[in-house]
>>> print(open('run-v5.txt').read())   # compact mmCIF, C-alpha atoms and all ligand atoms
# COMPACT_ATOMS: atom_id res chain seq x y z
CA MET P 21 0.92 32.73 -20.99
CA SER P 22 4.11 31.30 -19.55
CA LEU P 23 4.37 28.48 -17.05
CA ASP P 24 4.36 29.48 -13.37
CA TYR P 25 6.83 26.77 -12.35
CA THR P 26 10.24 25.55 -13.42
CA PHE P 27 12.61 22.72 -12.74
CA SER P 28 16.07 22.87 -11.19
CA ILE P 29 18.81 20.65 -9.75
CA ILE P 30 21.38 21.44 -7.08
CA LYS P 31 24.29 19.68 -8.77
CA PRO P 32 26.69 17.31 -6.95
CA ASP P 33 29.42 19.95 -6.43
CA ALA P 34 27.10 22.27 -4.50
CA PHE P 35 25.09 19.54 -2.77
CA ASN P 36 28.25 17.78 -1.61
CA ALA P 37 29.69 21.06 -0.30
CA GLY P 38 26.59 21.60 1.86
CA LYS P 39 25.36 24.57 -0.19
CA ALA P 40 21.84 23.29 -0.95
CA GLY P 41 20.20 25.12 1.94
CA LYS P 42 21.95 28.40 1.13
CA ILE P 43 21.00 28.18 -2.55
CA ILE P 44 17.35 27.38 -1.81
CA GLY P 45 17.29 30.23 0.74
CA HIS P 46 18.79 32.60 -1.82
CA LEU P 47 16.09 31.65 -4.35
CA GLU P 48 13.29 31.92 -1.77
CA ALA P 49 14.53 35.42 -0.97
CA GLU P 50 14.10 36.21 -4.68
CA GLY P 51 10.46 35.13 -4.52
CA PHE P 52 10.61 31.51 -5.66
CA LYS P 53 8.49 28.99 -3.76
CA LEU P 54 9.72 25.42 -3.34
CA THR P 55 6.93 23.00 -4.35
CA ALA P 56 8.73 19.65 -4.77
CA ALA P 57 12.17 18.30 -3.91
CA ARG P 58 14.12 15.07 -3.51
CA VAL P 59 17.69 13.90 -2.99
CA ILE P 60 18.96 11.28 -5.40
CA LEU P 61 22.11 9.58 -6.68
CA LEU P 62 21.57 9.52 -10.45
CA THR P 63 22.59 6.41 -12.33
CA ARG P 64 24.82 6.98 -15.35
CA ARG P 65 21.85 5.92 -17.50
CA GLN P 66 19.56 8.53 -15.90
CA ALA P 67 22.16 11.28 -16.36
CA GLU P 68 22.65 10.26 -20.00
CA GLU P 69 18.91 10.39 -20.62
CA PHE P 70 18.36 13.67 -18.77
CA TYR P 71 21.11 15.40 -20.79
CA ALA P 72 20.45 13.52 -24.06
CA VAL P 73 20.04 16.87 -25.88
CA HIS P 74 23.77 17.47 -25.31
CA ARG P 75 24.84 14.01 -26.56
CA ALA P 76 26.88 15.41 -29.47
CA ARG P 77 28.67 18.06 -27.39
CA PRO P 78 32.32 17.59 -26.39
CA PHE P 79 31.51 17.95 -22.67
CA TYR P 80 28.73 15.32 -22.65
CA GLY P 81 30.84 12.49 -21.17
CA GLU P 82 32.25 14.74 -18.46
CA LEU P 83 28.78 16.10 -17.68
CA VAL P 84 27.21 12.63 -17.35
CA GLU P 85 30.13 11.45 -15.19
CA PHE P 86 29.84 14.50 -12.92
CA MET P 87 26.05 14.39 -12.56
CA SER P 88 26.11 10.70 -11.57
CA SER P 89 29.16 11.01 -9.29
CA ALA P 90 27.39 11.96 -6.05
CA LEU P 91 24.03 13.01 -4.61
CA CYS P 92 22.13 15.85 -6.21
CA MET P 93 18.83 17.57 -5.41
CA PRO P 94 16.15 17.93 -8.11
CA PHE P 95 13.42 20.41 -7.22
CA VAL P 96 10.53 22.44 -8.58
CA LEU P 97 10.06 26.17 -8.02
CA GLN P 98 6.99 28.31 -8.47
CA LYS P 99 7.05 31.95 -9.53
CA THR P 100 5.43 34.13 -12.20
CA ASN P 101 7.29 33.59 -15.48
CA ALA P 102 9.33 30.99 -13.60
CA VAL P 103 11.59 29.68 -16.38
CA ASN P 104 13.01 33.06 -17.36
CA ALA P 105 13.11 34.27 -13.76
CA LEU P 106 15.21 31.29 -12.68
CA ARG P 107 17.56 31.50 -15.67
CA ASP P 108 18.17 35.15 -14.68
CA ALA P 109 18.71 34.16 -11.04
CA ILE P 110 21.29 31.42 -11.76
CA GLY P 111 23.43 33.44 -14.20
CA ALA P 112 25.65 32.38 -17.09
CA THR P 113 26.85 28.77 -17.49
CA ASP P 114 30.42 29.78 -16.61
CA PRO P 115 30.47 31.32 -13.10
CA ALA P 116 33.30 33.61 -14.21
CA GLU P 117 30.84 35.19 -16.66
CA ALA P 118 27.80 35.10 -14.36
CA ALA P 119 26.44 38.43 -13.11
CA GLU P 120 26.95 39.64 -9.53
CA GLY P 121 24.51 38.11 -7.09
CA THR P 122 23.55 35.14 -9.27
CA VAL P 123 23.64 31.60 -7.87
CA ARG P 124 26.50 30.52 -10.10
CA ARG P 125 28.54 33.64 -9.32
CA LEU P 126 28.02 33.05 -5.61
CA PHE P 127 28.23 29.27 -5.35
CA ALA P 128 29.78 27.66 -8.46
CA GLU P 129 33.33 26.44 -9.04
CA SER P 130 33.69 26.18 -12.83
CA LYS P 131 31.82 25.96 -16.12
CA GLY P 132 31.34 22.21 -15.70
CA ARG P 133 30.84 22.11 -11.93
CA ASN P 134 28.45 25.04 -11.87
CA ALA P 135 26.23 24.31 -8.85
CA ILE P 136 22.80 24.40 -10.45
CA HIS P 137 20.72 23.33 -13.44
CA ALA P 138 17.66 25.26 -14.60
CA SER P 139 15.24 24.41 -17.41
CA ASP P 140 15.64 26.66 -20.45
CA SER P 141 12.04 26.61 -21.76
CA ASP P 142 8.50 25.88 -20.57
CA GLU P 143 8.55 22.69 -22.65
CA ASN P 144 11.74 21.51 -20.96
CA ALA P 145 10.49 22.52 -17.50
CA ILE P 146 7.53 20.18 -18.02
CA ARG P 147 9.67 17.36 -19.44
CA GLU P 148 12.36 17.67 -16.77
CA SER P 149 9.87 17.91 -13.87
CA ARG P 150 8.21 14.73 -15.11
CA PHE P 151 11.60 13.04 -15.33
CA PHE P 152 11.97 13.28 -11.53
CA PHE P 153 8.47 13.78 -10.10
CA ALA P 154 5.07 12.17 -10.51
CA GLY P 155 2.47 14.58 -11.93
CA SER P 156 0.71 14.72 -8.59
CA GLU P 157 3.92 15.91 -6.91
CA VAL P 158 4.26 18.99 -9.14
CA VAL P 159 1.70 21.34 -7.60
P1 LIG P 201 23.20 25.69 -18.86
O1 LIG P 201 23.31 24.72 -17.70
O2 LIG P 201 23.61 27.08 -18.48
O3 LIG P 201 21.85 25.64 -19.53
P2 LIG P 201 24.20 24.18 -21.14
O4 LIG P 201 24.88 24.78 -22.32
O5 LIG P 201 22.80 23.69 -21.32
O6 LIG P 201 24.30 25.23 -19.93
O7 LIG P 201 25.12 22.98 -20.65
C1 LIG P 201 24.64 22.04 -19.71
C2 LIG P 201 25.70 21.80 -18.67
O8 LIG P 201 26.85 21.19 -19.30
C3 LIG P 201 26.27 23.05 -18.01
O9 LIG P 201 25.47 23.54 -16.96
C4 LIG P 201 27.62 22.56 -17.52
O10 LIG P 201 27.50 21.79 -16.33
C5 LIG P 201 28.03 21.63 -18.65
N1 LIG P 201 28.86 22.34 -19.64
C6 LIG P 201 28.44 23.20 -20.59
N2 LIG P 201 29.46 23.70 -21.31
C7 LIG P 201 30.57 23.11 -20.79
C8 LIG P 201 31.96 23.22 -21.10
O11 LIG P 201 32.38 23.94 -22.02
N3 LIG P 201 32.81 22.46 -20.34
C9 LIG P 201 32.37 21.64 -19.33
N4 LIG P 201 31.09 21.52 -19.00
C10 LIG P 201 30.19 22.25 -19.72
MG MG P 202 20.89 24.09 -20.55
>>> encode(input="run-v5.txt", output="structure tokens", more="lines below")
Ligand code: IDP
Ligand code: MG
Amino acid sequence: MSLDYTFSIIKPDAFNAGKAGKIIGHLEAEGFKLTAARVILLTRRQAEEFYAVHRARPFYGELVEFMSSALCMPFVLQKTNAVNALRDAIGATDPAEAAEGTVRRLFAESKGRNAIHASDSDENAIRESRFFFAGSEVV
């Protein structure tokens, strides 16, 4: 059985542009329920650790720089089959390739500055939620 929650971040581009409320509203309209949220300025060290899986990728430095450049909003969403449902709702990494009506198609600027993060597996949803929230905060 798959996890009924997943982890997400409104990235600095979207948060800074005042799009957090619209994105959360869009996801709520698709049946996701917000169960935890905070606003935080990531340190470079935190961004490096969060994205450690991408350490060897050419965009890693740019990604860490971007994610620690301004406020972002980590949050947890509940829905049946949440991880896959949210990946479908956000669309492809590059907004130019994201399907109509997806968060990245609607709100993202570019492949790097793409408005939203979403966990890609149940295992990562658990790890990433714990990175930002105490166990008791993830209901
Ligand atoms: P995902 O966010 O759709 O899961 P990943 O491949 O896991 O995409 O990459 C993590 C993040 O790294 C992306 O959301 C994006 O911000 C950034 N990124 C990925 N590929 C590129 C690229 O080719 N250029 C710049 N940034 C990239
Ligand atoms: Mg990913």
>>> residues_near_point(input="run-v5.txt", point="(21.9, 24.6, -8.7)", cutoff="9 Å", atoms="all atoms listed in the file", output="list in words")
Ser28, Ile29, Ile30, Lys31, Pro32, Ala34, Phe35, Ala40, Ile43, Ile44, Met93, Pro94, Ile110, Val123, Arg124, Phe127, Ala128, Asn134, Ala135, Ile136, His137 and Ala138 of chain P
>>> residues_around(input="run-v5.txt", residues="stretch 52-54 of chain P", least_positions_apart="3", cutoff="10 Å", atoms="only C-alpha atoms", output="PyMOL selection string")
chain P and resi 25-26+44-49+57+95-100+102+105-106+159
>>> closest_residue(input="run-v5.txt", among="P:Ala37, P:Leu91, P:Met21, P:Ala145", to="P:Phe70", atoms="all atoms listed in the file")
P:Ala145
>>> closest_atom_pairs(input="run-v5.txt", of="chain P", to="ligand MG 202 (chain P)", cutoff="10 Å", atoms="all atoms listed in the file", output="tab-separated table")
residue	atom	partner	partner_atom	distance
P:Tyr71	CA	P:MG202	MG	8.7
P:Val73	CA	P:MG202	MG	9.0
P:His74	CA	P:MG202	MG	8.6
P:Arg107	CA	P:MG202	MG	9.5
P:Thr113	CA	P:MG202	MG	8.2
P:His137	CA	P:MG202	MG	7.2
P:Ala138	CA	P:MG202	MG	6.9
P:Ser139	CA	P:MG202	MG	6.5
P:Asp140	CA	P:MG202	MG	5.8
P:Ser141	CA	P:MG202	MG	9.3
P:Asn144	CA	P:MG202	MG	9.5
>>> atom_distance(input="run-v5.txt", atom1="atom CA of P:Asp24", atom2="atom CA of P:Asp114")
26.3 Å
>>> atom_distance(input="run-v5.txt", atom1="atom CA of P:Phe153", atom2="atom CA of P:Gly121")
29.3 Å
>>> closest_residue(input="run-v5.txt", among="P:Phe152, P:Glu50, P:Tyr80, P:Arg125", to="P:Leu62", atoms="only C-alpha atoms")
P:Phe152
>>> atom_distance(input="run-v5.txt", atom1="atom C5 of ligand LIG 201 (chain P)", atom2="atom CA of P:Arg77")
9.5 Å
>>> axis_aligned_box(input="run-v5.txt", around="ligand LIG 201 (chain P)", padding_each_side="3 Å", output="AutoDock Vina command-line options")
--center_x 27.3 --center_y 24.1 --center_z -19.3 --size_x 17.0 --size_y 11.9 --size_z 12.0
>>> residues_around(input="run-v5.txt", residues="P:Gly132", least_positions_apart="5", cutoff="10 Å", atoms="all atoms listed in the file", output="ChimeraX atom specification")
/P:33,79,82-83,86-87,113-115
>>> residues_around(input="run-v5.txt", residues="P:Thr122", least_positions_apart="5", cutoff="8 Å", atoms="all atoms listed in the file", output="PDB file with C-alpha atoms, in the coordinates of the input")
ATOM      1  CA  ASP P 108      18.170  35.150 -14.680  1.00  0.00           C
ATOM      2  CA  ALA P 109      18.710  34.160 -11.040  1.00  0.00           C
ATOM      3  CA  ILE P 110      21.290  31.420 -11.760  1.00  0.00           C
ATOM      4  CA  GLY P 111      23.430  33.440 -14.200  1.00  0.00           C
TER       5      GLY P 111
END
>>> residues_around(input="run-v5.txt", residues="P:Ala90", least_positions_apart="2", cutoff="7 Å", atoms="only C-alpha atoms", output="count of residues only")
4
>>> closest_residue(input="run-v5.txt", among="P:Ala119, P:Ala154, P:Ile146, P:Ala112", to="ligand LIG 201 (chain P)", atoms="only C-alpha atoms and all ligand atoms")
P:Ala112
>>> closest_residue(input="run-v5.txt", among="P:Leu126, P:Val59, P:Arg150, P:Ala76", to="ligand LIG 201 (chain P)", atoms="all atoms listed in the file")
P:Ala76
>>> decode(input="run-v5.txt", residues="stretch 113-148 of chain P", atoms="N, CA and C atoms", output="JSON list (two decimals), in the first residue's frame")
[["chain", "number", "residue", "atom", "x", "y", "z"],
["P", 113, "THR", "N", 9.82, 18.36, -15.20],
["P", 113, "THR", "CA", 10.81, 19.25, -14.59],
["P", 113, "THR", "C", 10.91, 20.58, -15.34],
["P", 114, "ASP", "N", 10.93, 20.50, -16.67],
["P", 114, "ASP", "CA", 11.00, 21.70, -17.50],
["P", 114, "ASP", "C", 9.57, 22.17, -17.80],
["P", 115, "PRO", "N", 9.20, 23.36, -17.35],
["P", 115, "PRO", "CA", 7.81, 23.83, -17.56],
["P", 115, "PRO", "C", 7.39, 23.83, -19.03],
["P", 116, "ALA", "N", 8.36, 23.98, -19.93],
["P", 116, "ALA", "CA", 8.04, 23.96, -21.36],
["P", 116, "ALA", "C", 7.54, 22.59, -21.80],
["P", 117, "GLU", "N", 7.91, 21.55, -21.04],
["P", 117, "GLU", "CA", 7.49, 20.19, -21.36],
["P", 117, "GLU", "C", 6.36, 19.69, -20.46],
["P", 118, "ALA", "N", 5.97, 20.51, -19.48],
["P", 118, "ALA", "CA", 4.93, 20.11, -18.53],
["P", 118, "ALA", "C", 3.55, 20.19, -19.17],
["P", 119, "ALA", "N", 2.70, 19.23, -18.82],
["P", 119, "ALA", "CA", 1.35, 19.17, -19.40],
["P", 119, "ALA", "C", 0.50, 20.37, -19.00],
["P", 120, "GLU", "N", -0.46, 20.69, -19.84],
["P", 120, "GLU", "CA", -1.46, 21.73, -19.55],
["P", 120, "GLU", "C", -2.04, 21.54, -18.17],
["P", 121, "GLY", "N", -2.19, 22.64, -17.44],
["P", 121, "GLY", "CA", -2.87, 22.57, -16.15],
["P", 121, "GLY", "C", -2.02, 22.11, -14.99],
["P", 122, "THR", "N", -0.76, 21.73, -15.26],
["P", 122, "THR", "CA", 0.12, 21.34, -14.15],
["P", 122, "THR", "C", 0.72, 22.58, -13.50],
["P", 123, "VAL", "N", 1.18, 22.40, -12.25],
["P", 123, "VAL", "CA", 1.71, 23.55, -11.50],
["P", 123, "VAL", "C", 2.89, 24.19, -12.22],
["P", 124, "ARG", "N", 3.78, 23.36, -12.74],
["P", 124, "ARG", "CA", 4.95, 23.94, -13.42],
["P", 124, "ARG", "C", 4.56, 24.63, -14.72],
["P", 125, "ARG", "N", 3.61, 24.09, -15.43],
["P", 125, "ARG", "CA", 3.14, 24.74, -16.67],
["P", 125, "ARG", "C", 2.52, 26.09, -16.35],
["P", 126, "LEU", "N", 1.79, 26.14, -15.24],
["P", 126, "LEU", "CA", 1.07, 27.36, -14.88],
["P", 126, "LEU", "C", 1.95, 28.40, -14.19],
["P", 127, "PHE", "N", 2.91, 27.94, -13.37],
["P", 127, "PHE", "CA", 3.58, 28.88, -12.47],
["P", 127, "PHE", "C", 5.10, 28.95, -12.60],
["P", 128, "ALA", "N", 5.74, 28.06, -13.38],
["P", 128, "ALA", "CA", 7.20, 28.02, -13.38],
["P", 128, "ALA", "C", 7.82, 28.84, -14.51],
["P", 129, "GLU", "N", 9.06, 29.23, -14.28],
["P", 129, "GLU", "CA", 9.80, 30.08, -15.23],
["P", 129, "GLU", "C", 10.70, 29.29, -16.16],
["P", 130, "SER", "N", 11.40, 28.29, -15.60],
["P", 130, "SER", "CA", 12.43, 27.58, -16.38],
["P", 130, "SER", "C", 12.72, 26.24, -15.72],
["P", 131, "LYS", "N", 13.55, 25.43, -16.37],
["P", 131, "LYS", "CA", 13.87, 24.11, -15.85],
["P", 131, "LYS", "C", 14.52, 24.18, -14.46],
["P", 132, "GLY", "N", 15.35, 25.17, -14.24],
["P", 132, "GLY", "CA", 15.99, 25.33, -12.93],
["P", 132, "GLY", "C", 15.05, 25.98, -11.93],
["P", 133, "ARG", "N", 14.47, 27.10, -12.32],
["P", 133, "ARG", "CA", 13.54, 27.85, -11.45],
["P", 133, "ARG", "C", 12.13, 27.37, -11.77],
["P", 134, "ASN", "N", 11.80, 26.19, -11.24],
["P", 134, "ASN", "CA", 10.56, 25.54, -11.68],
["P", 134, "ASN", "C", 9.48, 25.43, -10.60],
["P", 135, "ALA", "N", 9.47, 26.41, -9.70],
["P", 135, "ALA", "CA", 8.33, 26.68, -8.80],
["P", 135, "ALA", "C", 8.09, 25.69, -7.67],
["P", 136, "ILE", "N", 8.31, 24.40, -7.92],
["P", 136, "ILE", "CA", 7.89, 23.43, -6.90],
["P", 136, "ILE", "C", 8.75, 22.17, -6.94],
["P", 137, "HIS", "N", 9.00, 21.64, -5.75],
["P", 137, "HIS", "CA", 9.63, 20.33, -5.59],
["P", 137, "HIS", "C", 8.56, 19.35, -5.16],
["P", 138, "ALA", "N", 8.68, 18.09, -5.57],
["P", 138, "ALA", "CA", 7.81, 17.05, -5.03],
["P", 138, "ALA", "C", 8.62, 15.76, -4.91],
["P", 139, "SER", "N", 8.46, 15.07, -3.79],
["P", 139, "SER", "CA", 9.16, 13.80, -3.57],
["P", 139, "SER", "C", 8.84, 12.82, -4.69],
["P", 140, "ASP", "N", 9.83, 11.99, -5.05],
["P", 140, "ASP", "CA", 9.64, 11.08, -6.18],
["P", 140, "ASP", "C", 9.39, 9.63, -5.77],
["P", 141, "SER", "N", 9.36, 9.35, -4.46],
["P", 141, "SER", "CA", 9.05, 7.99, -3.99],
["P", 141, "SER", "C", 8.54, 8.08, -2.55],
["P", 142, "ASP", "N", 7.89, 7.01, -2.09],
["P", 142, "ASP", "CA", 7.43, 6.99, -0.70],
["P", 142, "ASP", "C", 8.62, 7.15, 0.25],
["P", 143, "GLU", "N", 9.69, 6.44, -0.05],
["P", 143, "GLU", "CA", 10.90, 6.50, 0.78],
["P", 143, "GLU", "C", 11.42, 7.94, 0.89],
["P", 144, "ASN", "N", 11.46, 8.63, -0.24],
["P", 144, "ASN", "CA", 11.94, 10.02, -0.22],
["P", 144, "ASN", "C", 10.93, 10.97, 0.43],
["P", 145, "ALA", "N", 9.64, 10.68, 0.30],
["P", 145, "ALA", "CA", 8.63, 11.51, 0.97],
["P", 145, "ALA", "C", 8.83, 11.45, 2.48],
["P", 146, "ILE", "N", 9.14, 10.28, 3.00],
["P", 146, "ILE", "CA", 9.38, 10.12, 4.43],
["P", 146, "ILE", "C", 10.67, 10.85, 4.83],
["P", 147, "ARG", "N", 11.73, 10.60, 4.07],
["P", 147, "ARG", "CA", 13.02, 11.23, 4.38],
["P", 147, "ARG", "C", 12.92, 12.76, 4.31],
["P", 148, "GLU", "N", 12.29, 13.26, 3.26],
["P", 148, "GLU", "CA", 12.24, 14.71, 3.04],
["P", 148, "GLU", "C", 11.30, 15.40, 4.04]]
